[in-house]
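Take a look at the structure below.
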Amino acid sequence: MEIFHSKAGAYRYMDVYVFSWIIELATERFCRDFLDFRNDPQGKTSAQMNHAARSGSRNFAEGSERLMTSTSSGIDLLNVAKGSLSELRDDYLKWLLQHEELPWDEPEASLVKRVTLDPPASSTDSQKPYTNRAFCAHILSQQAKFKVWLDDPKSTIRANALAILCTRTCLMMDSYIRNLGESFKQEGGFREKMGEARREQRAEGHVAAGEHAPTCTLCGSSMRRLYRKTDNSPFWGCSSYPACRGTQPCGK
């Protein structure tokens, strides 16, 4: 799965985010149509299902925005989104069990799984900016692809389709999170890069001020004045790092 880091909210182009909206809207209709004072007298089940569906889309959006400044906190929120949709999937499975039905197997399940989403018009046409209106129009058009199941008068058909969509979306989120984690390990996050840039700038400042840098006792390269992340205390580090990890203490 491709990783987006756009300032303009490019995550909105992603199928996984569109699916989360389809699930949220369909869950609201499901609760409205099938949960009432008889099977949900205090409204707790309806509230919990709607909350989980909303958490799936909103935490994905917030996590994607957070990736601009903090990869770790962004990934944490994406995991919350995935966990919420996993919880919602189990609510639909419970509904099927309460009605003494098993989740769909082939061929019914494959019909829902095979439905693909269209790319937003604005992502393929540079002359069409991606507005809120365009986004909502895209959600409605993609939701229509699942109308035969999500608007069915039989609750178990809707529950089956939504359980499949929740599972499908969770798998997509899991793949996205794994890719982000690999990218973070290889390249670091925004804060880490900013911290390194600040440390390098301070090291250059010391050199510009005429501070004498020692020679690395391990490889003979010149050393740089660096600062520990834990307590910001200074030390000399080899300029050939990571090939050489030589360090020496230095005064403050």
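Following the order of the structure tokens, first chain is A, next is B, and so on, with residues numbered from 1 inside each chain and ligands from 1 in the order they appear.
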Determine, counting only C-alpha atoms, which protein, DNA and RNA residues have an atom within 8 Å of an atom of Tyr13 of chain A; residues of the same chain fewer than 3 positions away are not included. Present the result as a PyMOL selection string.
-> chain A and resi 10+17-18+119-120+123
Can you write out the residues you just picked, keeping C-alpha atoms, as a CSV table (one decimal), in the first residue's frame?
```
chain,number,residue,atom,x,y,z
A,10,ALA,CA,-4.0,13.1,0.6
A,17,TYR,CA,-10.4,5.8,4.3
A,18,VAL,CA,-13.3,5.7,1.9
A,119,PRO,CA,-10.3,6.7,-7.8
A,120,PRO,CA,-11.6,10.2,-7.0
A,123,SER,CA,-6.8,12.5,-8.1
```
Just want the 12 Å neighbourhood of segment 145-150 of chain A, counted on only C-alpha atoms, with same-chain residues fewer than 5 positions away dropped. Output as a short mmCIF file (atom, residue, chain, number, x, y, z; two decimals) with N, CA and C atoms, in the first residue's frame.
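Final output, result08.cif:
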```cif
data_model
loop_
_atom_site.label_atom_id
_atom_site.label_comp_id
_atom_site.auth_asym_id
_atom_site.auth_seq_id
_atom_site.Cartn_x
_atom_site.Cartn_y
_atom_site.Cartn_z
N PHE A 19 -13.53 3.38 2.62
CA PHE A 19 -14.23 2.24 3.21
C PHE A 19 -14.68 2.55 4.65
N ILE A 22 -17.83 4.52 4.45
CA ILE A 22 -18.95 3.67 4.03
C ILE A 22 -19.46 2.86 5.22
N ILE A 23 -18.53 2.31 5.99
CA ILE A 23 -18.90 1.51 7.17
C ILE A 23 -19.61 2.38 8.20
N GLU A 24 -19.11 3.59 8.43
CA GLU A 24 -19.73 4.46 9.43
C GLU A 24 -21.16 4.82 9.05
N LEU A 25 -21.37 5.22 7.80
CA LEU A 25 -22.71 5.60 7.36
C LEU A 25 -23.67 4.41 7.39
N ALA A 26 -23.19 3.25 6.96
CA ALA A 26 -24.05 2.06 6.95
C ALA A 26 -24.36 1.58 8.36
N THR A 27 -23.42 1.76 9.29
CA THR A 27 -23.66 1.37 10.68
C THR A 27 -24.73 2.24 11.32
N GLU A 28 -24.72 3.53 11.02
CA GLU A 28 -25.77 4.41 11.54
C GLU A 28 -27.15 3.96 11.05
N ARG A 29 -27.24 3.59 9.78
CA ARG A 29 -28.52 3.12 9.25
C ARG A 29 -28.91 1.78 9.86
N PHE A 30 -27.94 0.91 10.06
CA PHE A 30 -28.22 -0.40 10.66
C PHE A 30 -28.81 -0.23 12.06
N ASP A 33 -32.33 1.21 11.95
CA ASP A 33 -33.37 0.34 11.41
C ASP A 33 -33.64 -0.91 12.26
N GLU A 108 -21.23 -16.01 -1.62
CA GLU A 108 -21.78 -14.71 -1.19
C GLU A 108 -20.69 -13.74 -0.75
N ALA A 109 -19.75 -14.25 0.07
CA ALA A 109 -18.71 -13.37 0.60
C ALA A 109 -17.84 -12.79 -0.51
N LEU A 111 -18.60 -11.99 -3.46
CA LEU A 111 -19.26 -10.92 -4.21
C LEU A 111 -18.98 -9.57 -3.57
N VAL A 112 -18.97 -9.51 -2.24
CA VAL A 112 -18.67 -8.27 -1.54
C VAL A 112 -17.18 -7.96 -1.62
N LYS A 113 -16.36 -8.99 -1.48
CA LYS A 113 -14.91 -8.80 -1.47
C LYS A 113 -14.39 -8.30 -2.81
N ARG A 114 -15.07 -8.67 -3.90
CA ARG A 114 -14.55 -8.33 -5.23
C ARG A 114 -14.90 -6.91 -5.68
N VAL A 115 -15.78 -6.25 -4.96
CA VAL A 115 -16.16 -4.89 -5.36
C VAL A 115 -14.98 -3.95 -5.13
N THR A 116 -14.56 -3.25 -6.16
CA THR A 116 -13.44 -2.32 -6.05
C THR A 116 -13.95 -0.88 -6.12
N LEU A 117 -13.17 0.03 -5.56
CA LEU A 117 -13.54 1.43 -5.55
C LEU A 117 -12.89 2.18 -6.71
N ASP A 118 -13.55 3.22 -7.15
CA ASP A 118 -13.01 4.07 -8.22
C ASP A 118 -12.12 5.15 -7.59
N HIS A 138 -17.77 11.65 -3.83
CA HIS A 138 -17.06 10.39 -4.04
C HIS A 138 -17.53 9.32 -3.05
N ILE A 139 -17.72 9.70 -1.80
CA ILE A 139 -18.19 8.75 -0.80
C ILE A 139 -19.55 8.18 -1.21
N LEU A 140 -20.46 9.06 -1.62
CA LEU A 140 -21.80 8.60 -2.00
C LEU A 140 -21.75 7.68 -3.22
N SER A 155 -31.78 -7.79 8.14
CA SER A 155 -30.65 -7.34 8.97
C SER A 155 -29.42 -8.22 8.81
N THR A 156 -29.62 -9.53 8.64
CA THR A 156 -28.46 -10.43 8.58
C THR A 156 -27.67 -10.25 7.28
N ILE A 157 -28.32 -9.82 6.22
CA ILE A 157 -27.60 -9.54 4.97
C ILE A 157 -26.71 -8.32 5.17
N ARG A 158 -27.26 -7.29 5.79
CA ARG A 158 -26.44 -6.10 6.09
C ARG A 158 -25.30 -6.44 7.04
N ALA A 159 -25.59 -7.23 8.06
CA ALA A 159 -24.55 -7.58 9.03
C ALA A 159 -23.43 -8.37 8.38
N ASN A 160 -23.78 -9.29 7.49
CA ASN A 160 -22.76 -10.05 6.78
C ASN A 160 -21.88 -9.14 5.93
N ALA A 161 -22.51 -8.26 5.17
CA ALA A 161 -21.74 -7.37 4.29
C ALA A 161 -20.85 -6.45 5.11
N LEU A 162 -21.35 -5.92 6.22
CA LEU A 162 -20.56 -5.00 7.03
C LEU A 162 -19.43 -5.72 7.77
N ALA A 163 -19.66 -6.94 8.17
CA ALA A 163 -18.57 -7.71 8.79
C ALA A 163 -17.44 -7.92 7.80
N ILE A 164 -17.78 -8.20 6.54
CA ILE A 164 -16.77 -8.38 5.50
C ILE A 164 -16.03 -7.06 5.24
N LEU A 165 -16.77 -5.96 5.17
CA LEU A 165 -16.14 -4.67 4.91
C LEU A 165 -15.23 -4.26 6.07
#
```
In segment 7-214 of chain A, DSSP alpha helix (DSSP H) residues written as JSON, numbers by chain = {"A": [15, 16, 17, 18, 19, 20, 21, 22, 23, 24, 25, 26, 27, 28, 29, 30, 31, 32, 33, 34, 44, 45, 46, 47, 48, 49, 50, 51, 52, 53, 54, 55, 56, 57, 58, 59, 60, 61, 62, 63, 64, 65, 66, 71, 72, 73, 74, 75, 76, 77, 78, 79, 80, 81, 82, 83, 84, 85, 86, 87, 88, 89, 90, 91, 92, 93, 94, 95, 96, 97, 98, 108, 109, 110, 111, 112, 113, 121, 122, 123, 124, 132, 133, 134, 135, 136, 137, 138, 139, 140, 141, 142, 143, 147, 148, 149, 150, 155, 156, 157, 158, 159, 160, 161, 162, 163, 164, 165, 166, 167, 168, 169, 170, 171, 172, 173, 174, 175, 176, 177, 178, 179, 180, 181, 182, 183, 184, 185, 186, 187, 190, 191, 192, 193, 194, 195, 196, 197, 198, 199, 200, 201, 202, 203, 204, 205, 206, 207, 208]}
Find the residue from A:Gly56, A:Cys216, A:Ser64, A:Pro249 that sits nearest to Arg228 of chain A; use only C-alpha atoms when measuring.
->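 Distance minimum relative to Arg228 of chain A lands on A:Pro249.
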How many Å separate atom CA of Tyr176 of chain A from atom CA of Asp76 of chain A?
-> 12.5 Å
Looking at A:Gly63, A:Pro103, A:Gly237, A:Pro153, which one is nearest to Phe34 of chain A, with distances taken over only C-alpha atoms?
->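 Nearest to Phe34 of chain A: A:Pro153.
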May I ask which of the residues A:Thr131, A:Thr167, A:Asn232, A:Ser55 is the closest one to Leu77 of chain A, counting only C-alpha atoms?
->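 Among the listed residues, A:Ser55 lies closest to Leu77 of chain A.
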Could you check which of A:Cys250, A:Ala47, A:Ile177, A:Ala213 is closest to Leu88 of chain A, using only C-alpha atoms?
->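 Going through A:Cys250, A:Ala47, A:Ile177, A:Ala213 one by one, the smallest distance to Leu88 of chain A is for A:Ala47.
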If you run DSSP on the backbone, which residues of segment 29-249 of chain A are strand (DSSP E or B), as a JSON list (two decimals) with N, CA and C atoms, in the first residue's frame?
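Result saved to part_6.json:
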```
[["chain", "number", "residue", "atom", "x", "y", "z"],
["A", 215, "THR", "N", 40.55, 14.00, 17.37],
["A", 215, "THR", "CA", 40.57, 12.94, 16.37],
["A", 215, "THR", "C", 40.07, 11.64, 16.98],
["A", 222, "SER", "N", 38.02, 13.01, 12.04],
["A", 222, "SER", "CA", 37.69, 14.10, 12.95],
["A", 222, "SER", "C", 36.36, 13.79, 13.65],
["A", 223, "MET", "N", 36.14, 14.44, 14.80],
["A", 223, "MET", "CA", 34.95, 14.19, 15.57],
["A", 223, "MET", "C", 34.05, 15.42, 15.57],
["A", 224, "ARG", "N", 32.78, 15.19, 15.91],
["A", 224, "ARG", "CA", 31.80, 16.27, 15.97],
["A", 224, "ARG", "C", 31.24, 16.37, 17.38],
["A", 225, "ARG", "N", 30.94, 17.56, 17.81],
["A", 225, "ARG", "CA", 30.29, 17.74, 19.11],
["A", 225, "ARG", "C", 28.80, 17.45, 18.95],
["A", 226, "LEU", "N", 28.30, 16.46, 19.67],
["A", 226, "LEU", "CA", 26.91, 16.03, 19.60],
["A", 226, "LEU", "C", 26.27, 16.13, 20.99],
["A", 227, "TYR", "N", 24.96, 15.87, 21.02],
["A", 227, "TYR", "CA", 24.22, 15.97, 22.27],
["A", 227, "TYR", "C", 23.33, 14.73, 22.44],
["A", 234, "PRO", "N", 26.64, 17.03, 26.21],
["A", 234, "PRO", "CA", 27.49, 16.99, 25.02],
["A", 234, "PRO", "C", 28.50, 15.84, 25.05],
["A", 235, "PHE", "N", 28.88, 15.40, 23.90],
["A", 235, "PHE", "CA", 29.95, 14.41, 23.76],
["A", 235, "PHE", "C", 30.51, 14.51, 22.35],
["A", 236, "TRP", "N", 31.71, 13.98, 22.17],
["A", 236, "TRP", "CA", 32.32, 13.95, 20.84],
["A", 236, "TRP", "C", 31.95, 12.63, 20.16],
["A", 237, "GLY", "N", 31.45, 12.71, 18.93],
["A", 237, "GLY", "CA", 31.12, 11.52, 18.16],
["A", 237, "GLY", "C", 31.86, 11.53, 16.85],
["A", 238, "CYS", "N", 32.25, 10.36, 16.41],
["A", 238, "CYS", "CA", 33.03, 10.25, 15.17],
["A", 238, "CYS", "C", 32.21, 10.73, 13.98],
["A", 247, "THR", "N", 33.39, 7.44, 20.37],
["A", 247, "THR", "CA", 32.93, 8.61, 21.14],
["A", 247, "THR", "C", 33.98, 8.99, 22.15],
["A", 248, "GLN", "N", 33.93, 10.25, 22.60],
["A", 248, "GLN", "CA", 34.81, 10.75, 23.65],
["A", 248, "GLN", "C", 34.01, 11.75, 24.49],
["A", 249, "PRO", "N", 34.29, 11.83, 25.78],
["A", 249, "PRO", "CA", 33.61, 12.84, 26.59],
["A", 249, "PRO", "C", 34.14, 14.23, 26.27]]
```
Which value, in Å to one decimal, gives the distance between atom CA of Tyr92 of chain A and atom CA of Leu78 of chain A?
-> 21.6 Å
Give the answer as one residue: which of A:Leu85, A:Leu218, A:Cys244, A:Leu97 has the shortest atom-to-atom distance to Gln48 of chain A, using only C-alpha atoms?
->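 For Gln48 of chain A, the nearest of the candidates is A:Leu85.
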Using only C-alpha atoms, which of A:Glu100, A:Glu65, A:Asn59, A:Trp95 sits nearest Leu35 of chain A?
-> A:Trp95
